[in-house]
Protein chains: 2
Amino acid sequence: MVAAPEQTQTLETTLETLCVNSIRFLAIDAVEKAKSGHPGLPMGAAPMAFVLWDRFLKFNPKNPKWVDRDRFVLSAGHGCMLQYALLHLAGYDSVTLEDIQQFRQWGSRTPGHPENFETEGVEVTTGPLGQGISNAVGLAIAEAHLAARFNKPGHKIVDHYTYVILGDGCNMEGVASEAVSLAGHLKLGKLIALYDSNHISIDGSTDLAFTEDVGKRYEAYGWHVLHVPDGDTNLAAIAQALTEAKAVTDKPSLLVITTTIGYGSPKKAGSEKVHGAPLGGDEVTATRQNLNWPYDPFVVPEDALAHFRQAIGRGAQAEAAWNETFAAYQAAYPAEAAEFERVMAGRLPENWEAALQPVTEMEKSTRLLSEACLNALAGAIPEFLGGSADLAHSNMTFLKGLPEFQASSYEGRNFRFGVREHGMGAILNGMALHGGLLPYGATFLVFADYMKAAIRLSALSQVGVIYVMTHDSIMLGEDGPTHQPIETIASLRATPDVLVNRPADAKETVAAYAVAIADRKRPSVLCFTRQGVKNLPGTSVEGAKKGGYVVVSADNPDLILIATGSELELATKAAAILSEEGKAVRVVSMPCWELFEDQPAAYREEVLPAACRKRVAVEAGTTFGWHKYAGSEGAVIGIDRFGASAPGPICYEKFGFTVDNVVATARQVLG
Amino acid sequence: MVAAPEQTQTLETTLETLCVNSIRFLAIDAVEKAKSGHPGLPMGAAPMAFVLWDRFLKFNPKNPKWVDRDRFVLSAGHGCMLQYALLHLAGYDSVTLEDIQQFRQWGSRTPGHPENFETEGVEVTTGPLGQGISNAVGLAIAEAHLAARFNKPGHKIVDHYTYVILGDGCNMEGVASEAVSLAGHLKLGKLIALYDSNHISIDGSTDLAFTEDVGKRYEAYGWHVLHVPDGDTNLAAIAQALTEAKAVTDKPSLLVITTTIGYGSPKKAGSEKVHGAPLGGDEVTATRQNLNWPYDPFVVPEDALAHFRQAIGRGAQAEAAWNETFAAYQAAYPAEAAEFERVMAGRLPENWEAALQPVTEMEKSTRLLSEACLNALAGAIPEFLGGSADLAHSNMTFLKGLPEFQASSYEGRNFRFGVREHGMGAILNGMALHGGLLPYGATFLVFADYMKAAIRLSALSQVGVIYVMTHDSIMLGEDGPTHQPIETIASLRATPDVLVNRPADAKETVAAYAVAIADRKRPSVLCFTRQGVKNLPGTSVEGAKKGGYVVVSADNPDLILIATGSELELATKAAAILSEEGKAVRVVSMPCWELFEDQPAAYREEVLPAACRKRVAVEAGTTFGWHKYAGSEGAVIGIDRFGASAPGPICYEKFGFTVDNVVATARQVLG
């Protein structure tokens, strides 16, 4: 526990104290009213947040989407009342005092963790620890790339910082380790992280589980590390550290700022008790007394509000200055200016989809078809860029002839994420949420597990990140069960708002990319084969865009075979055999369930008529979930155990993926 | 590229060179024959592996399960031919020369990555990078705990090291960062990691993405770090470093050993080309010439084999010496010795299940019922231990009155994993695979995403780790969609060999623990409510152990309501209303699908008769997967979107979890 009097003695009469305490009490009061939330972080981090927002952060409260604003990320998202208080005090329209009073209530703009899709001024969705700092690496990458791409001598139209507040919890998470290691490698000098080092996590003191030297670790990553030992009271030291951080341009900076969680609460400051629960009425009163705060709940002193609201004028000025910069740029480089406006608005170039057309004629593994799509798209869409988590040779994701994104070449579009799947996913989210970029990332499908938390946040954050996932079944072969996806596709299909696409051939691969690029609100997980596939008669780009469609017709079918990806060939061959036996067999390709579910009921009924209950679904993965389409009288050919190490074709046969088995199963279902 | 001549000049005539090259060529030849695999790591890491296995590692090839053996983990699992070569050369019966010639073939004992369940002598299943080093932390924790628990003055029956070989890939993974940070905190002095620092990963030089100072990072974690700059040739330096590492007993040690990937290959050494593909016939020949290797494929020189096989005698001696130590212990401490034998054999104590009985009478949230079970089991099963990833207060996982496992108290049974979910999962796998421990770990259910890769490996490795997952639905409330599981349960159900258990009340919670403890081959994911639940008439321990059973009977039912967890109460109330309307309504509780699927078909038909097609399933999560039981004519009440921030009961109602909605849906289904 830190004694509050010290602070009140030195700062009690200053306007700054009033401002810092305004943040604290909005947080205290909102959590108290909601009877739920995390007052500790806002109370402890209020000084650093105030200094940052008051003296450094470049933003325009009346235009939260101004493209050259600094990006602010509260990685310790549970402390969201800090961010809501700042947004409100600085004059954003998105968070009114009423919104703060509705903290954590149904339909409010002040949910329990910051959500970019609910509250203007919130850049990324945080809460799951470690994600925010990793998103911030992506935001800083986006700035560096756009600056390299668009700035011209004498014309800096992209020139902003990314600031993060993160806590002990974020620093314990592996995803953060991955991302900040890459940030150090990439020398992202305009990324500045403020580490609210309060030595308390939910369970108690960090002495329980977290005694590493965080600053030294960041130095090992290549970061510039500064310490502010008295972050509760020494606002000048915080400002000085931020100034020094900005001066170092070839390294990201970490400010280790020692603070007291729940600062000001006589009984709970410095303890885990103030982390995630309301102070309680008596303690709120005691804290008011301790910090000399005579105001009623939710009352912000006029002087403080007036001071905070200067941000409106400052922001208008800053944006106006930038508008002049941009106008000059526009005059000198009209084409580049138009292009900049286009990418920042998220508008795709005209006719981008035409670039994919030649791929429909190719015939090879879908991962090689994917490579052709990626390269075609790279030519057509300059903001399209990405890379692999150290599997570029296997995922086939390199954009040929284009430079790498490295510290010496931020204009590059080929990313080297290293063996950091989770970090990659979170970085992609940041890159996409920055605006101006359309990013993809790649690994083996099975390693979606490593980054599922980030994929989930792509979906929740409504951002169309593209995940290129190759080696999509046991046909991966020799690497064996640790590398063979079984449940992976099902677990992603079960996740809301993710487009999981498993194309069968060239036309369907083109459709998968066409949809993934066009849908800027939903992430796509594209699942590609290691092995070669044939182009099948009956497939079509238009059909595949509907998620499910008929590839082998049969009116009033006796049986419907449903398949995805490489198994569609088996289904078509089985259908041919069964047809020769006089059965009316329809084959439905269903590369993307989510797109199929988007279709009108009449279309779905047309493709899968309820009257035909004899159905067999085939997919080289778990049967889990397939009964929805196979129905009570149908059968599913899948794999409900782990895979095995052997050449792919051997695995395929051993696990029952043969035309014979599909035919035999169909006969059984037909009875 | 490193020139080979230097090495051949200094070492060519020595027996050691012959031994090191025996490892290299078994790997080269096996990969060549399989036309698939990773020769580069075995070729580069052969010297360190030879020194370790020849001079340090304590093991008995003829008794791979000897309890006081050192544990060896190849975290860079793709280099498994290194491990298979070592096992074969050292005289394990599990890997014959024929097995090596069957590398990566269907049914072989030499799969594409090391798998503990396929090959005796392999301690843990590796391949997904970062897992092995994290498992090793768990193995070292197990050793420390068992030593603290069982050793007596003058009687050291538990006294072994854990050695790991890991590469750049492992060191990039966040899961490894989490685990090694905790290892440093816990001062695990008997954990020694050999970092095969060859500066090459799959995509090429580590300069592409990984330029951090790894040694400094480990120092920041509290590790003892040593460097061996000439790991290709200087066997004495490797031995010296290992000796120094063993001498430091209060810190884990990292040996940063600089090597050349693919050492010996004239054209491919030092390049990513040798990482994951056969050398090719010409290059194999060139490598033979370069390393003066006149032997045919798969031929091990007699002198080398004879030297390696001395391990058999050494191992027999070591075990005999230990047997004497144990006999003396047994004489002095017969009860402790019997207990040690029991836990190491994995036998549960007699009557452990009786301890759970009192919990069946309690009534509160299932997470509080879980707390009661955990504490009851802790009394009955001394090897039962675990903790939470910094959510002990929320997960309710603390074992009351027992000490914490900390550097100063390895006898403790309460673990503080920190905010390191993924590391926790991998550490739990290591703890369980060591033998002698029955571990559990806890976090919010939604954060299963963070550690899914480790949960998958629990299942694949056939190890009964217990995952205690609380806050199992949108009833989590105010924390909002980032913290509310939707697809989580489905994604785990889709995973092979995981018991996903979502009990409804006290009896079912007891059943869930009873099954989880008894099943030592399958991990359990136990899903518990935040909110209070009622004890329901009709539930039973015996029924719940079958995974699915009738809680409200109706012969020849018009309708079956199926539910899990907190939604079972809604189902029973709806059934009562519908019964009053004259409908015959059965209610089936289905806490664990996997256990239900284990039952004979006749039982399943008895519970869910095919003749009754009118069914409604209710679960506060995705509907994904439920159609298997709800059937084509049934309905599923679930949530196919992300959640929302609001008090739990509000969320529950808004998302349709009301008796009214269940009744209305049932009426619709009944038509």
# chains A, B, ... in the order shown; residues from 1 in each chain; ligands from 1
$ closest_atom_pairs --of "chain B" --to "chain A" --cutoff "6 Å" --atoms "only C-alpha atoms" --output "tab-separated table"
residue	atom	partner	partner_atom	distance
B:Arg104	CA	A:Ala646	CA	5.3
B:Gln105	CA	A:Ala646	CA	4.4
B:Trp106	CA	A:Ala646	CA	4.6
B:Pro111	CA	A:Ser645	CA	5.2
B:Gly112	CA	A:Asp479	CA	4.5
B:Gly169	CA	A:Val419	CA	5.7
B:Met172	CA	A:Val419	CA	5.5
B:Glu173	CA	A:Arg420	CA	5.4
B:Gly174	CA	A:Gly174	CA	3.6
B:Val175	CA	A:Gly174	CA	5.4
B:Ser177	CA	A:Gly174	CA	5.8
B:Glu178	CA	A:Gly174	CA	5.5
B:His185	CA	A:Thr211	CA	5.8
B:Ile202	CA	A:Asp390	CA	5.8
B:Asp203	CA	A:Asp390	CA	5.3
B:Ala209	CA	A:Gly418	CA	5.3
B:Thr211	CA	A:His185	CA	5.8
B:Glu212	CA	A:Tyr221	CA	4.5
B:Asp213	CA	A:Ala220	CA	4.9
B:Lys216	CA	A:Ala220	CA	5.6
B:Arg217	CA	A:Arg217	CA	4.8
B:Ala220	CA	A:Asp213	CA	4.9
B:Tyr221	CA	A:Glu212	CA	4.5
B:Asp390	CA	A:Asp203	CA	5.2
B:Arg416	CA	A:Ala209	CA	5.7
B:Gly418	CA	A:Ala209	CA	5.3
B:Val419	CA	A:Met172	CA	5.6
B:Arg420	CA	A:Glu173	CA	5.4
B:Asp449	CA	A:Ala453	CA	5.3
B:Tyr450	CA	A:Ala453	CA	5.9
B:Lys452	CA	A:Asp449	CA	5.7
B:Ala453	CA	A:Asp449	CA	5.3
B:Glu478	CA	A:Arg104	CA	5.4
B:Asp479	CA	A:Gly112	CA	4.5
B:Gly480	CA	A:Gly112	CA	5.6
B:Glu487	CA	A:Thr495	CA	5.2
B:Ser491	CA	A:Ser491	CA	4.2
B:Ala494	CA	A:Glu487	CA	5.3
B:Thr495	CA	A:Glu487	CA	5.2
B:Pro496	CA	A:Arg641	CA	5.2
B:Phe624	CA	A:Ala494	CA	5.6
B:Gly625	CA	A:Gly625	CA	4.1
B:His627	CA	A:Lys628	CA	5.1
B:Lys628	CA	A:His627	CA	5.1
B:Gly631	CA	A:Ser632	CA	5.3
B:Ser632	CA	A:Gly631	CA	5.3
B:Arg641	CA	A:Pro496	CA	5.2
B:Ser645	CA	A:Pro111	CA	5.2
B:Ala646	CA	A:Gln105	CA	4.4
$ residues_around --residues "region 191-200 of chain A" --least-positions-apart "2" --cutoff "7 Å" --atoms "only C-alpha atoms" --output "count of residues only"
29
$ residues_around --residues "Thr366 (chain A)" --least-positions-apart "6" --cutoff "8 Å" --atoms "only C-alpha atoms" --output "VMD selection string"
chain A and resid 503 to 506 509 528 to 533
$ write_last_selection --atoms "N, CA, C and O atoms" --output "PDB file, in the first residue's frame"
ATOM      1  N   PRO A 503     -11.938 -24.789 -50.624  1.00  0.00           N
ATOM      2  CA  PRO A 503     -12.267 -24.973 -52.045  1.00  0.00           C
ATOM      3  C   PRO A 503     -11.751 -26.297 -52.585  1.00  0.00           C
ATOM      4  O   PRO A 503     -10.780 -26.861 -52.080  1.00  0.00           O
ATOM      5  N   ALA A 504     -12.424 -26.765 -53.646  1.00  0.00           N
ATOM      6  CA  ALA A 504     -12.112 -28.082 -54.220  1.00  0.00           C
ATOM      7  C   ALA A 504     -11.136 -27.984 -55.379  1.00  0.00           C
ATOM      8  O   ALA A 504     -10.400 -28.930 -55.641  1.00  0.00           O
ATOM      9  N   ASP A 505     -11.148 -26.872 -56.067  1.00  0.00           N
ATOM     10  CA  ASP A 505     -10.304 -26.787 -57.269  1.00  0.00           C
ATOM     11  C   ASP A 505     -10.054 -25.319 -57.620  1.00  0.00           C
ATOM     12  O   ASP A 505     -10.265 -24.436 -56.773  1.00  0.00           O
ATOM     13  N   ALA A 506      -9.647 -25.094 -58.866  1.00  0.00           N
ATOM     14  CA  ALA A 506      -9.233 -23.737 -59.252  1.00  0.00           C
ATOM     15  C   ALA A 506     -10.382 -22.730 -59.154  1.00  0.00           C
ATOM     16  O   ALA A 506     -10.233 -21.659 -58.574  1.00  0.00           O
ATOM     17  N   THR A 509     -11.192 -22.013 -55.611  1.00  0.00           N
ATOM     18  CA  THR A 509     -10.139 -21.242 -54.940  1.00  0.00           C
ATOM     19  C   THR A 509     -10.269 -19.762 -55.291  1.00  0.00           C
ATOM     20  O   THR A 509     -10.145 -18.880 -54.423  1.00  0.00           O
ATOM     21  N   PHE A 528      -6.336 -24.977 -47.672  1.00  0.00           N
ATOM     22  CA  PHE A 528      -5.810 -25.457 -48.944  1.00  0.00           C
ATOM     23  C   PHE A 528      -5.079 -26.781 -48.794  1.00  0.00           C
ATOM     24  O   PHE A 528      -4.492 -27.075 -47.756  1.00  0.00           O
ATOM     25  N   THR A 529      -5.098 -27.539 -49.891  1.00  0.00           N
ATOM     26  CA  THR A 529      -4.460 -28.859 -49.876  1.00  0.00           C
ATOM     27  C   THR A 529      -2.947 -28.755 -50.050  1.00  0.00           C
ATOM     28  O   THR A 529      -2.437 -27.833 -50.662  1.00  0.00           O
ATOM     29  N   ARG A 530      -2.285 -29.746 -49.507  1.00  0.00           N
ATOM     30  CA  ARG A 530      -0.889 -29.960 -49.866  1.00  0.00           C
ATOM     31  C   ARG A 530      -0.808 -30.608 -51.253  1.00  0.00           C
ATOM     32  O   ARG A 530       0.018 -30.244 -52.074  1.00  0.00           O
ATOM     33  N   GLN A 531      -1.700 -31.571 -51.471  1.00  0.00           N
ATOM     34  CA  GLN A 531      -1.618 -32.415 -52.663  1.00  0.00           C
ATOM     35  C   GLN A 531      -2.338 -31.781 -53.851  1.00  0.00           C
ATOM     36  O   GLN A 531      -3.186 -30.916 -53.690  1.00  0.00           O
ATOM     37  N   GLY A 532      -1.979 -32.281 -55.052  1.00  0.00           N
ATOM     38  CA  GLY A 532      -2.639 -31.812 -56.253  1.00  0.00           C
ATOM     39  C   GLY A 532      -4.115 -32.171 -56.284  1.00  0.00           C
ATOM     40  O   GLY A 532      -4.518 -33.185 -55.706  1.00  0.00           O
ATOM     41  N   VAL A 533      -4.915 -31.329 -56.919  1.00  0.00           N
ATOM     42  CA  VAL A 533      -6.340 -31.651 -57.118  1.00  0.00           C
ATOM     43  C   VAL A 533      -6.690 -31.422 -58.585  1.00  0.00           C
ATOM     44  O   VAL A 533      -6.041 -30.636 -59.270  1.00  0.00           O
TER      45      VAL A 533
END
$ select_by_dssp --residues "region 181-397 of chain A" --states "alpha helix (DSSP H)" --output "VMD selection string"
chain A and resid 181 to 185 214 to 220 235 to 247 281 to 290 302 to 332 334 to 345 366 to 380 392 to 395
$ write_last_selection --atoms "C-alpha atoms" --output "compact mmCIF listing (two decimals), in the first residue's frame"
# COMPACT_ATOMS: atom_id res chain seq x y z
CA SER A 181 10.10 -9.69 -30.27
CA LEU A 182 9.10 -9.02 -33.86
CA ALA A 183 8.62 -5.31 -33.12
CA GLY A 184 12.20 -5.16 -31.86
CA HIS A 185 13.45 -6.97 -34.93
CA VAL A 214 10.71 -7.29 -17.87
CA GLY A 215 12.82 -4.30 -18.87
CA LYS A 216 15.84 -6.46 -19.49
CA ARG A 217 13.74 -8.85 -21.54
CA TYR A 218 12.56 -6.03 -23.77
CA GLU A 219 16.15 -4.89 -24.16
CA ALA A 220 16.97 -8.40 -25.32
CA LEU A 235 3.97 13.57 -14.02
CA ALA A 236 7.05 15.42 -15.21
CA ALA A 237 9.07 12.23 -15.20
CA ILE A 238 6.42 10.48 -17.27
CA ALA A 239 6.45 13.34 -19.74
CA GLN A 240 10.22 13.30 -19.85
CA ALA A 241 10.26 9.57 -20.55
CA LEU A 242 7.72 9.97 -23.34
CA THR A 243 9.85 12.73 -24.85
CA GLU A 244 12.91 10.50 -24.72
CA ALA A 245 10.99 7.62 -26.21
CA LYS A 246 9.93 9.74 -29.16
CA ALA A 247 13.54 10.80 -29.68
CA GLY A 281 -19.51 2.23 -0.60
CA ASP A 282 -17.43 2.86 2.51
CA GLU A 283 -14.17 2.63 0.66
CA VAL A 284 -15.42 4.95 -2.05
CA THR A 285 -16.19 7.47 0.64
CA ALA A 286 -12.81 6.95 2.26
CA THR A 287 -11.09 7.37 -1.10
CA ARG A 288 -12.97 10.61 -1.72
CA GLN A 289 -11.74 11.89 1.63
CA ASN A 290 -8.23 10.66 1.04
CA GLU A 302 -15.50 22.41 -14.28
CA ASP A 303 -11.84 23.37 -14.30
CA ALA A 304 -10.80 19.84 -15.07
CA LEU A 305 -13.39 19.41 -17.79
CA ALA A 306 -12.44 22.72 -19.37
CA HIS A 307 -8.82 21.68 -19.37
CA PHE A 308 -9.55 18.27 -20.88
CA ARG A 309 -11.82 19.74 -23.50
CA GLN A 310 -8.99 21.84 -24.86
CA ALA A 311 -8.31 18.63 -26.72
CA ILE A 312 -11.15 19.59 -29.06
CA GLY A 313 -9.42 22.74 -30.16
CA ARG A 314 -6.04 21.11 -30.26
CA GLY A 315 -7.45 18.25 -32.30
CA ALA A 316 -9.18 20.56 -34.77
CA GLN A 317 -5.96 22.47 -35.19
CA ALA A 318 -3.90 19.35 -35.65
CA GLU A 319 -6.25 18.00 -38.25
CA ALA A 320 -6.41 21.34 -40.01
CA ALA A 321 -2.63 21.43 -40.17
CA TRP A 322 -2.62 17.93 -41.56
CA ASN A 323 -5.28 18.91 -44.09
CA GLU A 324 -2.89 21.58 -45.34
CA THR A 325 -0.10 19.04 -45.54
CA PHE A 326 -2.37 16.75 -47.44
CA ALA A 327 -3.56 19.50 -49.78
CA ALA A 328 0.03 20.28 -50.68
CA TYR A 329 0.66 16.59 -51.25
CA GLN A 330 -2.43 16.39 -53.37
CA ALA A 331 -1.24 19.26 -55.50
CA ALA A 332 2.18 17.74 -55.98
CA PRO A 334 -2.48 13.92 -57.27
CA ALA A 335 -2.44 10.25 -58.22
CA GLU A 336 -0.78 9.18 -54.99
CA ALA A 337 -3.18 11.36 -53.00
CA ALA A 338 -6.17 9.74 -54.67
CA GLU A 339 -4.69 6.33 -54.02
CA PHE A 340 -4.08 7.24 -50.38
CA GLU A 341 -7.67 8.34 -49.99
CA ARG A 342 -8.85 5.16 -51.61
CA VAL A 343 -6.91 2.79 -49.38
CA MET A 344 -7.69 4.71 -46.21
CA ALA A 345 -11.39 4.61 -47.07
CA THR A 366 -5.08 -25.60 -53.97
CA ARG A 367 -2.10 -24.19 -52.06
CA LEU A 368 -0.40 -23.56 -55.41
CA LEU A 369 -3.62 -22.15 -56.77
CA SER A 370 -3.66 -19.97 -53.68
CA GLU A 371 -0.15 -18.82 -54.51
CA ALA A 372 -1.34 -17.84 -57.96
CA CYS A 373 -4.28 -15.95 -56.45
CA LEU A 374 -2.09 -14.16 -53.92
CA ASN A 375 0.29 -13.02 -56.61
CA ALA A 376 -2.51 -11.98 -58.94
CA LEU A 377 -4.16 -10.01 -56.15
CA ALA A 378 -0.87 -8.41 -55.17
CA GLY A 379 -0.68 -6.95 -58.66
CA ALA A 380 -4.24 -5.70 -58.59
CA ALA A 392 6.48 -19.49 -46.72
CA HIS A 393 7.93 -22.37 -48.74
CA SER A 394 5.11 -24.67 -47.65
CA ASN A 395 2.23 -22.21 -47.51
